[in-house]
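Undergrad: What follows is query-v5.pdb; its format and atoms are PDB, N, CA and C atoms.
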ATOM      1  N   MET A   1     -35.182 -51.631  -3.668
ATOM      2  CA  MET A   1     -35.196 -51.764  -5.116
ATOM      3  C   MET A   1     -35.123 -50.367  -5.729
ATOM      4  N   GLN A   2     -34.360 -50.236  -6.790
ATOM      5  CA  GLN A   2     -34.218 -48.979  -7.510
ATOM      6  C   GLN A   2     -35.218 -48.969  -8.670
ATOM      7  N   TYR A   3     -36.081 -47.970  -8.707
ATOM      8  CA  TYR A   3     -37.092 -47.853  -9.756
ATOM      9  C   TYR A   3     -36.729 -46.736 -10.710
ATOM     10  N   THR A   4     -36.956 -46.989 -11.994
ATOM     11  CA  THR A   4     -36.662 -46.016 -13.044
ATOM     12  C   THR A   4     -37.826 -45.989 -14.022
ATOM     13  N   VAL A   5     -38.207 -44.786 -14.425
ATOM     14  CA  VAL A   5     -39.196 -44.618 -15.487
ATOM     15  C   VAL A   5     -38.480 -43.923 -16.636
ATOM     16  N   ILE A   6     -38.564 -44.541 -17.821
ATOM     17  CA  ILE A   6     -37.883 -44.021 -19.001
ATOM     18  C   ILE A   6     -38.923 -43.759 -20.087
ATOM     19  N   VAL A   7     -38.848 -42.576 -20.690
ATOM     20  CA  VAL A   7     -39.716 -42.212 -21.812
ATOM     21  C   VAL A   7     -38.807 -41.988 -23.019
ATOM     22  N   SER A   8     -39.053 -42.763 -24.095
ATOM     23  CA  SER A   8     -38.232 -42.550 -25.286
ATOM     24  C   SER A   8     -38.476 -41.117 -25.760
ATOM     25  N   ASN A   9     -37.482 -40.497 -26.345
ATOM     26  CA  ASN A   9     -37.490 -39.111 -26.816
ATOM     27  C   ASN A   9     -37.268 -38.120 -25.673
ATOM     28  N   ILE A  10     -37.373 -38.563 -24.403
ATOM     29  CA  ILE A  10     -37.116 -37.676 -23.270
ATOM     30  C   ILE A  10     -35.944 -38.204 -22.454
ATOM     31  N   GLY A  11     -36.001 -39.499 -22.098
ATOM     32  CA  GLY A  11     -34.968 -40.101 -21.267
ATOM     33  C   GLY A  11     -35.534 -40.502 -19.924
ATOM     34  N   THR A  12     -34.681 -40.577 -18.915
ATOM     35  CA  THR A  12     -35.109 -40.967 -17.579
ATOM     36  C   THR A  12     -35.880 -39.818 -16.942
ATOM     37  N   VAL A  13     -37.120 -40.099 -16.517
ATOM     38  CA  VAL A  13     -37.962 -39.076 -15.901
ATOM     39  C   VAL A  13     -38.179 -39.337 -14.412
ATOM     40  N   HIS A  14     -37.770 -40.509 -13.946
ATOM     41  CA  HIS A  14     -37.898 -40.840 -12.526
ATOM     42  C   HIS A  14     -36.835 -41.872 -12.168
ATOM     43  N   GLU A  15     -36.215 -41.659 -11.006
ATOM     44  CA  GLU A  15     -35.248 -42.638 -10.505
ATOM     45  C   GLU A  15     -35.203 -42.526  -8.993
ATOM     46  N   SER A  16     -35.676 -43.560  -8.293
ATOM     47  CA  SER A  16     -35.681 -43.554  -6.830
ATOM     48  C   SER A  16     -35.975 -44.957  -6.314
ATOM     49  N   THR A  17     -36.060 -45.073  -4.994
ATOM     50  CA  THR A  17     -36.439 -46.338  -4.375
ATOM     51  C   THR A  17     -37.923 -46.355  -4.008
ATOM     52  N   ASP A  18     -38.657 -45.308  -4.387
ATOM     53  CA  ASP A  18     -40.084 -45.183  -4.073
ATOM     54  C   ASP A  18     -40.916 -45.801  -5.201
ATOM     55  N   GLY A  19     -41.319 -47.054  -5.005
ATOM     56  CA  GLY A  19     -42.075 -47.774  -6.029
ATOM     57  C   GLY A  19     -43.430 -47.166  -6.314
ATOM     58  N   ALA A  20     -44.103 -46.649  -5.292
ATOM     59  CA  ALA A  20     -45.422 -46.040  -5.488
ATOM     60  C   ALA A  20     -45.318 -44.787  -6.351
ATOM     61  N   LYS A  21     -44.328 -43.950  -6.078
ATOM     62  CA  LYS A  21     -44.137 -42.723  -6.873
ATOM     63  C   LYS A  21     -43.720 -43.085  -8.295
ATOM     64  N   ALA A  22     -42.890 -44.091  -8.448
ATOM     65  CA  ALA A  22     -42.469 -44.521  -9.788
ATOM     66  C   ALA A  22     -43.677 -44.987 -10.597
ATOM     67  N   ARG A  23     -44.570 -45.749  -9.963
ATOM     68  CA  ARG A  23     -45.769 -46.230 -10.657
ATOM     69  C   ARG A  23     -46.666 -45.057 -11.049
ATOM     70  N   LEU A  24     -46.820 -44.064 -10.171
ATOM     71  CA  LEU A  24     -47.627 -42.878 -10.498
ATOM     72  C   LEU A  24     -47.032 -42.117 -11.678
ATOM     73  N   ASP A  25     -45.710 -41.971 -11.685
ATOM     74  CA  ASP A  25     -45.062 -41.291 -12.811
ATOM     75  C   ASP A  25     -45.230 -42.098 -14.096
ATOM     76  N   PHE A  26     -45.112 -43.426 -14.003
ATOM     77  CA  PHE A  26     -45.314 -44.281 -15.173
ATOM     78  C   PHE A  26     -46.730 -44.090 -15.728
ATOM     79  N   ILE A  27     -47.729 -44.101 -14.855
ATOM     80  CA  ILE A  27     -49.125 -43.939 -15.281
ATOM     81  C   ILE A  27     -49.335 -42.568 -15.927
ATOM     82  N   SER A  28     -48.736 -41.534 -15.355
ATOM     83  CA  SER A  28     -48.872 -40.180 -15.908
ATOM     84  C   SER A  28     -48.271 -40.080 -17.304
ATOM     85  N   TYR A  29     -47.049 -40.602 -17.469
ATOM     86  CA  TYR A  29     -46.408 -40.542 -18.785
ATOM     87  C   TYR A  29     -47.080 -41.466 -19.794
ATOM     88  N   ARG A  30     -47.630 -42.585 -19.328
ATOM     89  CA  ARG A  30     -48.378 -43.472 -20.222
ATOM     90  C   ARG A  30     -49.595 -42.737 -20.774
ATOM     91  N   ALA A  31     -50.278 -41.971 -19.923
ATOM     92  CA  ALA A  31     -51.435 -41.189 -20.359
ATOM     93  C   ALA A  31     -51.020 -40.113 -21.355
ATOM     94  N   LEU A  32     -49.901 -39.456 -21.096
ATOM     95  CA  LEU A  32     -49.401 -38.442 -22.036
ATOM     96  C   LEU A  32     -49.045 -39.077 -23.379
ATOM     97  N   SER A  33     -48.434 -40.231 -23.347
ATOM     98  CA  SER A  33     -48.089 -40.940 -24.580
ATOM     99  C   SER A  33     -49.339 -41.257 -25.388
ATOM    100  N   ALA A  34     -50.388 -41.678 -24.695
ATOM    101  CA  ALA A  34     -51.635 -42.070 -25.370
ATOM    102  C   ALA A  34     -52.321 -40.894 -26.058
ATOM    103  N   THR A  35     -52.059 -39.662 -25.596
ATOM    104  CA  THR A  35     -52.688 -38.493 -26.230
ATOM    105  C   THR A  35     -52.105 -38.226 -27.608
ATOM    106  N   GLY A  36     -50.862 -38.646 -27.815
ATOM    107  CA  GLY A  36     -50.207 -38.394 -29.096
ATOM    108  C   GLY A  36     -49.682 -36.977 -29.237
ATOM    109  N   MET A  37     -49.725 -36.200 -28.157
ATOM    110  CA  MET A  37     -49.285 -34.802 -28.224
ATOM    111  C   MET A  37     -48.101 -34.565 -27.286
ATOM    112  N   GLY A  38     -47.308 -33.575 -27.597
ATOM    113  CA  GLY A  38     -46.177 -33.208 -26.760
ATOM    114  C   GLY A  38     -44.985 -34.134 -26.962
ATOM    115  N   ARG A  39     -43.937 -33.885 -26.185
ATOM    116  CA  ARG A  39     -42.710 -34.687 -26.325
ATOM    117  C   ARG A  39     -42.916 -36.139 -25.969
ATOM    118  N   ALA A  40     -43.875 -36.429 -25.074
ATOM    119  CA  ALA A  40     -44.138 -37.810 -24.669
ATOM    120  C   ALA A  40     -45.189 -38.480 -25.557
ATOM    121  N   GLY A  41     -45.790 -37.727 -26.458
ATOM    122  CA  GLY A  41     -46.847 -38.272 -27.308
ATOM    123  C   GLY A  41     -46.358 -39.392 -28.205
ATOM    124  N   ASN A  42     -47.068 -40.507 -28.190
ATOM    125  CA  ASN A  42     -46.734 -41.689 -29.004
ATOM    126  C   ASN A  42     -45.334 -42.233 -28.736
ATOM    127  N   GLU A  43     -44.873 -42.085 -27.519
ATOM    128  CA  GLU A  43     -43.546 -42.588 -27.150
ATOM    129  C   GLU A  43     -43.684 -43.784 -26.206
ATOM    130  N   THR A  44     -42.682 -44.654 -26.223
ATOM    131  CA  THR A  44     -42.640 -45.804 -25.327
ATOM    132  C   THR A  44     -42.324 -45.326 -23.908
ATOM    133  N   VAL A  45     -43.050 -45.872 -22.931
ATOM    134  CA  VAL A  45     -42.825 -45.551 -21.521
ATOM    135  C   VAL A  45     -42.526 -46.871 -20.801
ATOM    136  N   THR A  46     -41.422 -46.914 -20.075
ATOM    137  CA  THR A  46     -40.980 -48.139 -19.429
ATOM    138  C   THR A  46     -40.759 -47.917 -17.938
ATOM    139  N   LEU A  47     -41.332 -48.802 -17.128
ATOM    140  CA  LEU A  47     -41.091 -48.821 -15.681
ATOM    141  C   LEU A  47     -40.147 -49.976 -15.403
ATOM    142  N   MET A  48     -39.019 -49.666 -14.768
ATOM    143  CA  MET A  48     -38.013 -50.684 -14.485
ATOM    144  C   MET A  48     -37.747 -50.763 -12.987
ATOM    145  N   GLY A  49     -37.428 -51.972 -12.530
ATOM    146  CA  GLY A  49     -37.019 -52.189 -11.142
ATOM    147  C   GLY A  49     -35.711 -52.941 -11.138
ATOM    148  N   ASP A  50     -34.694 -52.321 -10.592
ATOM    149  CA  ASP A  50     -33.347 -52.912 -10.572
ATOM    150  C   ASP A  50     -32.905 -53.388 -11.950
ATOM    151  N   GLY A  51     -33.196 -52.585 -12.969
ATOM    152  CA  GLY A  51     -32.732 -52.876 -14.325
ATOM    153  C   GLY A  51     -33.595 -53.834 -15.117
ATOM    154  N   GLU A  52     -34.665 -54.359 -14.512
ATOM    155  CA  GLU A  52     -35.563 -55.289 -15.195
ATOM    156  C   GLU A  52     -36.887 -54.587 -15.510
ATOM    157  N   ILE A  53     -37.449 -54.853 -16.681
ATOM    158  CA  ILE A  53     -38.720 -54.249 -17.057
ATOM    159  C   ILE A  53     -39.835 -54.812 -16.181
ATOM    160  N   ILE A  54     -40.575 -53.914 -15.546
ATOM    161  CA  ILE A  54     -41.743 -54.294 -14.753
ATOM    162  C   ILE A  54     -42.991 -54.130 -15.611
ATOM    163  N   GLU A  55     -43.062 -53.001 -16.304
ATOM    164  CA  GLU A  55     -44.215 -52.718 -17.168
ATOM    165  C   GLU A  55     -43.749 -51.782 -18.283
ATOM    166  N   GLU A  56     -44.362 -51.947 -19.449
ATOM    167  CA  GLU A  56     -43.970 -51.129 -20.600
ATOM    168  C   GLU A  56     -45.196 -50.773 -21.417
ATOM    169  N   HIS A  57     -45.270 -49.514 -21.807
ATOM    170  CA  HIS A  57     -46.345 -49.030 -22.685
ATOM    171  C   HIS A  57     -45.730 -48.826 -24.061
ATOM    172  N   LEU A  58     -46.233 -49.576 -25.035
ATOM    173  CA  LEU A  58     -45.790 -49.451 -26.414
ATOM    174  C   LEU A  58     -46.938 -48.840 -27.206
ATOM    175  N   PRO A  59     -46.805 -47.583 -27.625
ATOM    176  CA  PRO A  59     -47.907 -46.936 -28.330
ATOM    177  C   PRO A  59     -48.124 -47.539 -29.705
ATOM    178  N   SER A  60     -49.354 -47.474 -30.157
ATOM    179  CA  SER A  60     -49.651 -47.927 -31.523
ATOM    180  C   SER A  60     -49.543 -46.694 -32.415
ATOM    181  N   LYS A  61     -48.542 -46.695 -33.238
ATOM    182  CA  LYS A  61     -48.317 -45.564 -34.146
ATOM    183  C   LYS A  61     -49.048 -45.819 -35.454
ATOM    184  N   VAL A  62     -49.866 -44.875 -35.836
ATOM    185  CA  VAL A  62     -50.666 -45.000 -37.044
ATOM    186  C   VAL A  62     -49.898 -44.398 -38.200
ATOM    187  N   LYS A  63     -49.723 -45.192 -39.255
ATOM    188  CA  LYS A  63     -49.039 -44.694 -40.446
ATOM    189  C   LYS A  63     -50.052 -44.045 -41.357
ATOM    190  N   SER A  64     -49.674 -42.883 -41.900
ATOM    191  CA  SER A  64     -50.593 -42.232 -42.824
ATOM    192  C   SER A  64     -50.020 -42.158 -44.219
TER     193      SER A  64
END
Go ahead and render the structure in this file as structure tokens.

TA:
Amino acid sequence: MQYTVIVSNIGTVHESTDGAKARLDFISYRALSATGMGRAGNETVTLMGDGEIIEEHLPSKVKS
């Protein structure tokens, strides 16, 4: 299976057949998104397997 991790505002940050590494990268970018800081801050993070969404982090953006 081909795994891909995509971060909106950055693009594809991981692409391989290593599901464990893909999940670790997804968790790392999800944590960065949750901080709200940096290029990954408050961005959607998606883990895909063979083109299908496995897991997706949708940040809650606060309007001010």

Undergrad: Enumerate as a short mmCIF file (atom, residue, chain, number, x, y, z; two decimals) with N, CA and C atoms, keeping the file's coordinate frame all residues of chain A assigned to alpha helix (DSSP H) by DSSP on the backbone, naming them with the chain letters and numbers the document uses.

TA:
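Everything below was put into states.cif:
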data_model
loop_
_atom_site.label_atom_id
_atom_site.label_comp_id
_atom_site.auth_asym_id
_atom_site.auth_seq_id
_atom_site.Cartn_x
_atom_site.Cartn_y
_atom_site.Cartn_z
N GLY A 19 -41.32 -47.05 -5.00
CA GLY A 19 -42.08 -47.77 -6.03
C GLY A 19 -43.43 -47.17 -6.31
N ALA A 20 -44.10 -46.65 -5.29
CA ALA A 20 -45.42 -46.04 -5.49
C ALA A 20 -45.32 -44.79 -6.35
N LYS A 21 -44.33 -43.95 -6.08
CA LYS A 21 -44.14 -42.72 -6.87
C LYS A 21 -43.72 -43.08 -8.30
N ALA A 22 -42.89 -44.09 -8.45
CA ALA A 22 -42.47 -44.52 -9.79
C ALA A 22 -43.68 -44.99 -10.60
N ARG A 23 -44.57 -45.75 -9.96
CA ARG A 23 -45.77 -46.23 -10.66
C ARG A 23 -46.67 -45.06 -11.05
N LEU A 24 -46.82 -44.06 -10.17
CA LEU A 24 -47.63 -42.88 -10.50
C LEU A 24 -47.03 -42.12 -11.68
N ASP A 25 -45.71 -41.97 -11.68
CA ASP A 25 -45.06 -41.29 -12.81
C ASP A 25 -45.23 -42.10 -14.10
N PHE A 26 -45.11 -43.43 -14.00
CA PHE A 26 -45.31 -44.28 -15.17
C PHE A 26 -46.73 -44.09 -15.73
N ILE A 27 -47.73 -44.10 -14.86
CA ILE A 27 -49.12 -43.94 -15.28
C ILE A 27 -49.34 -42.57 -15.93
N SER A 28 -48.74 -41.53 -15.36
CA SER A 28 -48.87 -40.18 -15.91
C SER A 28 -48.27 -40.08 -17.30
N TYR A 29 -47.05 -40.60 -17.47
CA TYR A 29 -46.41 -40.54 -18.78
C TYR A 29 -47.08 -41.47 -19.79
N ARG A 30 -47.63 -42.58 -19.33
CA ARG A 30 -48.38 -43.47 -20.22
C ARG A 30 -49.60 -42.74 -20.77
N ALA A 31 -50.28 -41.97 -19.92
CA ALA A 31 -51.44 -41.19 -20.36
C ALA A 31 -51.02 -40.11 -21.36
N LEU A 32 -49.90 -39.46 -21.10
CA LEU A 32 -49.40 -38.44 -22.04
C LEU A 32 -49.04 -39.08 -23.38
N SER A 33 -48.43 -40.23 -23.35
CA SER A 33 -48.09 -40.94 -24.58
C SER A 33 -49.34 -41.26 -25.39
N ALA A 34 -50.39 -41.68 -24.70
CA ALA A 34 -51.64 -42.07 -25.37
C ALA A 34 -52.32 -40.89 -26.06
N THR A 35 -52.06 -39.66 -25.60
CA THR A 35 -52.69 -38.49 -26.23
C THR A 35 -52.10 -38.23 -27.61
#

Undergrad: Kindly give the distance, in Å, that separates CA of Glu43 (chain A) and CA of Val5 (chain A), rounded to a single decimal.

TA: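 Rounded to one decimal, the two atoms are 12.6 Å apart.
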
Undergrad: Apply the PyMOL selection byres (((chain A and resi 57 and name CA) around 10) and name CA) to the displayed file and report the matching residues as number ranges by chain.

TA: A: 7, 26-27, 29-31, 33-34, 42-47, 55-56, 58-60

Undergrad: Restricting the calculation to only N, CA and C atoms: of A:Met48, A:Ser8, A:Ala40, A:Thr35, which residue gets closest to Ala22 (chain A)?

TA: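 Selected residue with least distance to Ala22 (chain A): A:Met48.
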
Undergrad: Pick out each residue of chain A that DSSP on the backbone tags as strand (DSSP E or B); I need them as a ChimeraX atom specification.

TA: /A:3-7,11-16,45-49,52-57

Undergrad: Please evaluate the PyMOL selection byres (((chain A and resi 50-52 and name CA) around 7) and name CA) against the displayed coordinates and give the resulting residues as an NGL selection string.

TA: :A and (1-3 or 48-49 or 53-54)

Undergrad: Any idea what the distance is between CA of Gly36 (chain A) and CA of Asp18 (chain A)?

TA: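 Computing the Euclidean distance for CA of Gly36 (chain A) and CA of Asp18 (chain A) yields 27.8 Å.
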
Undergrad: Generate the coordinates of N, CA, C and O atoms for region 27-44 of chain A; report them as a tab-separated table (two decimals), in the frame of the given file.

TA:
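The result, stored in part38.tsv:
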chain	number	residue	atom	x	y	z
A	27	ILE	N	-47.73	-44.10	-14.86
A	27	ILE	CA	-49.12	-43.94	-15.28
A	27	ILE	C	-49.34	-42.57	-15.93
A	27	ILE	O	-50.02	-42.45	-16.96
A	28	SER	N	-48.74	-41.53	-15.36
A	28	SER	CA	-48.87	-40.18	-15.91
A	28	SER	C	-48.27	-40.08	-17.30
A	28	SER	O	-48.90	-39.54	-18.23
A	29	TYR	N	-47.05	-40.60	-17.47
A	29	TYR	CA	-46.41	-40.54	-18.78
A	29	TYR	C	-47.08	-41.47	-19.79
A	29	TYR	O	-47.13	-41.15	-20.98
A	30	ARG	N	-47.63	-42.58	-19.33
A	30	ARG	CA	-48.38	-43.47	-20.22
A	30	ARG	C	-49.60	-42.74	-20.77
A	30	ARG	O	-49.90	-42.82	-21.96
A	31	ALA	N	-50.28	-41.97	-19.92
A	31	ALA	CA	-51.44	-41.19	-20.36
A	31	ALA	C	-51.02	-40.11	-21.36
A	31	ALA	O	-51.71	-39.89	-22.36
A	32	LEU	N	-49.90	-39.46	-21.10
A	32	LEU	CA	-49.40	-38.44	-22.04
A	32	LEU	C	-49.04	-39.08	-23.38
A	32	LEU	O	-49.33	-38.50	-24.44
A	33	SER	N	-48.43	-40.23	-23.35
A	33	SER	CA	-48.09	-40.94	-24.58
A	33	SER	C	-49.34	-41.26	-25.39
A	33	SER	O	-49.36	-41.09	-26.61
A	34	ALA	N	-50.39	-41.68	-24.70
A	34	ALA	CA	-51.64	-42.07	-25.37
A	34	ALA	C	-52.32	-40.89	-26.06
A	34	ALA	O	-53.05	-41.10	-27.03
A	35	THR	N	-52.06	-39.66	-25.60
A	35	THR	CA	-52.69	-38.49	-26.23
A	35	THR	C	-52.10	-38.23	-27.61
A	35	THR	O	-52.75	-37.61	-28.44
A	36	GLY	N	-50.86	-38.65	-27.82
A	36	GLY	CA	-50.21	-38.39	-29.10
A	36	GLY	C	-49.68	-36.98	-29.24
A	36	GLY	O	-49.22	-36.59	-30.30
A	37	MET	N	-49.72	-36.20	-28.16
A	37	MET	CA	-49.28	-34.80	-28.22
A	37	MET	C	-48.10	-34.56	-27.29
A	37	MET	O	-47.93	-35.28	-26.30
A	38	GLY	N	-47.31	-33.58	-27.60
A	38	GLY	CA	-46.18	-33.21	-26.76
A	38	GLY	C	-44.98	-34.13	-26.96
A	38	GLY	O	-45.00	-35.03	-27.80
A	39	ARG	N	-43.94	-33.88	-26.18
A	39	ARG	CA	-42.71	-34.69	-26.32
A	39	ARG	C	-42.92	-36.14	-25.97
A	39	ARG	O	-42.22	-37.02	-26.48
A	40	ALA	N	-43.88	-36.43	-25.07
A	40	ALA	CA	-44.14	-37.81	-24.67
A	40	ALA	C	-45.19	-38.48	-25.56
A	40	ALA	O	-45.43	-39.67	-25.42
A	41	GLY	N	-45.79	-37.73	-26.46
A	41	GLY	CA	-46.85	-38.27	-27.31
A	41	GLY	C	-46.36	-39.39	-28.20
A	41	GLY	O	-45.34	-39.26	-28.88
A	42	ASN	N	-47.07	-40.51	-28.19
A	42	ASN	CA	-46.73	-41.69	-29.00
A	42	ASN	C	-45.33	-42.23	-28.74
A	42	ASN	O	-44.70	-42.79	-29.63
A	43	GLU	N	-44.87	-42.08	-27.52
A	43	GLU	CA	-43.55	-42.59	-27.15
A	43	GLU	C	-43.68	-43.78	-26.21
A	43	GLU	O	-44.66	-43.91	-25.47
A	44	THR	N	-42.68	-44.65	-26.22
A	44	THR	CA	-42.64	-45.80	-25.33
A	44	THR	C	-42.32	-45.33	-23.91
A	44	THR	O	-41.46	-44.47	-23.72
